[in-house]
Structures are given as C-alpha cells and as structure tokens.
Amino acid sequence: MVAETDATDTPTAQVRPDKTAWYVIHTYSGYENKVKQYLEQRIISMDVSDRVFQVVVPTEEEVEIKNGVRRTVPRKVFPGYVLVEMVIDPQTWEVVRRTQGVTSFVGTSSNEATPLPEADVQVILRKMQESKPQIRLTFDRGDRVKIIDGPFSEQLGLVDEVYDEKSRLKVLVSIFGREAPVDIGFLQVEKQ
C-alpha cells in the first residue's frame with residue numbers, strides 16, 4: 001500500500017475509493033514479471049498511483065532438483081496472467097491496456113473487465129504468503145531410481161506406487177535376494 005503524508009508529515013494509509021477491485025490482465029506467457037515492471041513504471045509516470053494500487057504475479061515456491069542439487073525456485077501459479085488492484089476509469093484502463101506485453105483484460109468483452117471476486121483474491125494472496133515449497137518431481141510406476149538418502153542409500157529400485165499428494169513413493173528394492181517395498185520421500189531418490 002502506498003503511504004502519503006499529511007500536513008504534520010506523519011505517514012497515513014492511502015484511502016482507497018469504494019470502486020477499487022482486483023482485475024486479471026492477460027499477458028504474453030513468460031512475460032508476467034516484465035509486464036509487472038513495465039506497469040509499475042507506467043503507473044508512476046502517468047500519475048495514476050491514486051487509482052492503481054498493486055500489481056501481483058501470483059507465484060508459489062517449488063523445490064527443484066537438478067543434478068542432485070536442491071534449490072527453491074518461484075513458479076507462476078497462473079502463467080500468462082497478472083492481477084491488478086485498481087479503480088477502472090478511462091485513464092487507468094488505457095494505462096494498463098497500453099502497457100507493453102498486456103494483451104487484454106479478462107472479461108466478458110474486449111472493452112469490459114470483470115472484477116475478480118474478493119474471496120478468490122484473498123485465497124490467492126493467502127496461498128502466496130503461507131505456501132511451503134512444493135516439490136517439483138514426477139515419477140511414474142516402473143521408473144528406475146537410486147536411493148540417495150536414508151538407510152537404503154545407494155540401493156537401486158523400481159517405483160511401484162506414487163503418492164503425489166504426500167510426495168512419497170513405494171520403491172521395490174532387493175534385500176537378501178528378495179524384492180521388498182520401501183516407503184520413501186521424493187527427495188530421497190533420483191531417477192536413473
């Protein structure tokens with residue numbers, strides 16, 4: 001939220017008009033962050049910061065494993081879309097609509113933007129703040145894997161079952177010449 005100062009130079013919260021709503025704009029896929037940057041610059045240069053308040057690219061954190069190295073990376077929740085909190089009037093419409101990379105507002109027609117329900121916005125914003133990193137790995141039944149962590153480290157096995165919602169696998173490993181199922185987490189194996 002943008003703060004403004006009163007006569008005593010004490011910061012006060014900016015009062016938002018009653019017609020403030022969240023809108024979805026469509027962008028070229030992969031350009032969401034650039035559109036956010038361009039739009040924030042245009043809001044200042046076109047002096048509409050009193051009517052265009054926030055520009056958000058919804059993301060969530062994901063754990064990615066490449067070459068055995070784990071790292072947390074942001075993943076766009078809605079590729080090709082950006083959320084904007086604003087009051088729509090002819091000037092703000094033009095500022096947003098004419099921003100480089102913006103293709104349109106999401107709405108019922110090319111000249112009409114449909115506000116996002118406040119409950120939906122709150123769910124998206126809360127999920128962005130509270131989300132713990134999701135693991136981005138895909139395993140299929142029959143995949144060959146090597147266990148890299150835990151008591152069965154260095155063992156090779158076959159994926160028997162995948163539990164995506166729990167980020168766990170049932171892997172069949174050879175113990176004393178017999179196949180035995182082992183319940184193991186996604187981060188404890190690597191594909192072979």
# chains A, B, ... in the order shown; residues from 1 in each chain; ligands from 1

$ residues_around --residues "A:Gly157" --least-positions-apart "2" --cutoff "8 Å" --atoms "only C-alpha atoms" --output "short mmCIF file (atom, residue, chain, number, x, y, z; two decimals) with all heavy atoms, in the first residue's frame"
data_model
loop_
_atom_site.label_atom_id
_atom_site.label_comp_id
_atom_site.auth_asym_id
_atom_site.auth_seq_id
_atom_site.Cartn_x
_atom_site.Cartn_y
_atom_site.Cartn_z
N ARG A 144 13.06 -46.45 -12.83
CA ARG A 144 14.22 -46.92 -12.08
C ARG A 144 14.77 -45.74 -11.29
O ARG A 144 14.94 -44.66 -11.84
CB ARG A 144 15.28 -47.49 -13.00
CG ARG A 144 14.79 -48.74 -13.75
CD ARG A 144 15.84 -49.42 -14.59
NE ARG A 144 16.93 -50.10 -13.92
CZ ARG A 144 16.84 -51.07 -13.00
NH1 ARG A 144 15.67 -51.44 -12.57
NH2 ARG A 144 17.91 -51.64 -12.50
N VAL A 145 15.03 -45.97 -10.00
CA VAL A 145 15.54 -44.91 -9.14
C VAL A 145 16.70 -45.43 -8.30
O VAL A 145 16.85 -46.63 -8.09
CB VAL A 145 14.44 -44.35 -8.20
CG1 VAL A 145 13.35 -43.63 -8.98
CG2 VAL A 145 13.86 -45.43 -7.31
N LYS A 146 17.51 -44.47 -7.84
CA LYS A 146 18.59 -44.76 -6.91
C LYS A 146 18.27 -44.01 -5.62
O LYS A 146 17.98 -42.82 -5.64
CB LYS A 146 19.93 -44.29 -7.46
CG LYS A 146 21.09 -44.52 -6.54
CD LYS A 146 22.38 -44.01 -7.17
CE LYS A 146 23.55 -44.21 -6.23
NZ LYS A 146 24.79 -43.69 -6.83
N ILE A 147 18.31 -44.72 -4.50
CA ILE A 147 18.06 -44.09 -3.21
C ILE A 147 19.33 -43.36 -2.80
O ILE A 147 20.42 -43.94 -2.80
CB ILE A 147 17.63 -45.14 -2.16
CG1 ILE A 147 16.35 -45.84 -2.62
CG2 ILE A 147 17.44 -44.48 -0.79
CD1 ILE A 147 15.90 -47.00 -1.76
N GLN A 155 21.03 -47.96 -2.85
CA GLN A 155 20.26 -49.08 -3.40
C GLN A 155 19.53 -48.62 -4.66
O GLN A 155 19.08 -47.48 -4.75
CB GLN A 155 19.21 -49.57 -2.39
CG GLN A 155 19.75 -50.35 -1.24
CD GLN A 155 19.94 -51.80 -1.59
OE1 GLN A 155 19.54 -52.28 -2.65
NE2 GLN A 155 20.61 -52.52 -0.71
N VAL A 159 10.03 -47.96 -8.98
CA VAL A 159 8.87 -47.31 -8.37
C VAL A 159 7.66 -48.21 -8.57
O VAL A 159 7.34 -48.61 -9.69
CB VAL A 159 8.62 -45.92 -9.01
CG1 VAL A 159 7.34 -45.31 -8.48
CG2 VAL A 159 9.81 -45.00 -8.78
N VAL A 171 8.98 -47.91 -3.28
CA VAL A 171 10.03 -48.39 -4.17
C VAL A 171 10.36 -49.84 -3.81
O VAL A 171 10.51 -50.17 -2.63
CB VAL A 171 11.30 -47.50 -4.03
CG1 VAL A 171 12.43 -48.04 -4.89
CG2 VAL A 171 10.99 -46.06 -4.40
N LEU A 172 10.46 -50.69 -4.83
CA LEU A 172 10.85 -52.07 -4.61
C LEU A 172 12.37 -52.19 -4.72
O LEU A 172 12.94 -51.86 -5.75
CB LEU A 172 10.18 -52.98 -5.64
CG LEU A 172 8.64 -52.97 -5.64
CD1 LEU A 172 8.10 -53.83 -6.79
CD2 LEU A 172 8.10 -53.45 -4.30
N VAL A 173 13.00 -52.63 -3.62
CA VAL A 173 14.45 -52.81 -3.60
C VAL A 173 14.76 -54.27 -3.27
O VAL A 173 13.96 -54.97 -2.67
CB VAL A 173 15.14 -51.88 -2.56
CG1 VAL A 173 14.97 -50.43 -2.94
CG2 VAL A 173 14.63 -52.12 -1.16
N SER A 174 15.93 -54.70 -3.68
CA SER A 174 16.35 -56.07 -3.43
C SER A 174 17.08 -56.14 -2.09
O SER A 174 18.11 -55.51 -1.89
CB SER A 174 17.27 -56.55 -4.55
OG SER A 174 17.69 -57.86 -4.29
#

$ atom_distance --atom1 "atom CA of A:Gly185" --atom2 "atom CA of A:Arg70"
13.8 Å

$ select_by_dssp --residues "chain A" --states "alpha helix (DSSP H)" --output "ChimeraX atom specification"
/A:32-45,90-97,118-130

$ closest_residue --among "A:Met128, A:Ile43, A:Val73, A:Val57" --to "A:Gln91" --atoms "only C-alpha atoms"
A:Ile43

$ closest_atom_pairs --of "stretch 96-183 of chain A" --to "stretch 24-34 of chain A" --cutoff "6 Å" --atoms "only C-alpha atoms" --output "Markdown table"
| residue | atom | partner | partner_atom | distance |
| --- | --- | --- | --- | --- |
| A:Gly101 | CA | A:Thr27 | CA | 5.6 |
| A:Val102 | CA | A:Thr27 | CA | 4.6 |
| A:Thr103 | CA | A:Thr27 | CA | 5.3 |
| A:Ser104 | CA | A:His26 | CA | 5.3 |
| A:Phe105 | CA | A:Ile25 | CA | 4.3 |
| A:Val106 | CA | A:Val24 | CA | 5.5 |

$ atom_distance --atom1 "atom CA of A:Lys76" --atom2 "atom CA of A:Thr59"
4.3 Å

$ atom_distance --atom1 "atom CA of A:Gln192" --atom2 "atom CA of A:Leu158"
9.9 Å

$ closest_residue --among "A:Val35, A:Ala119, A:Val162, A:Ala180" --to "A:Trp22" --atoms "only C-alpha atoms"
A:Ala119
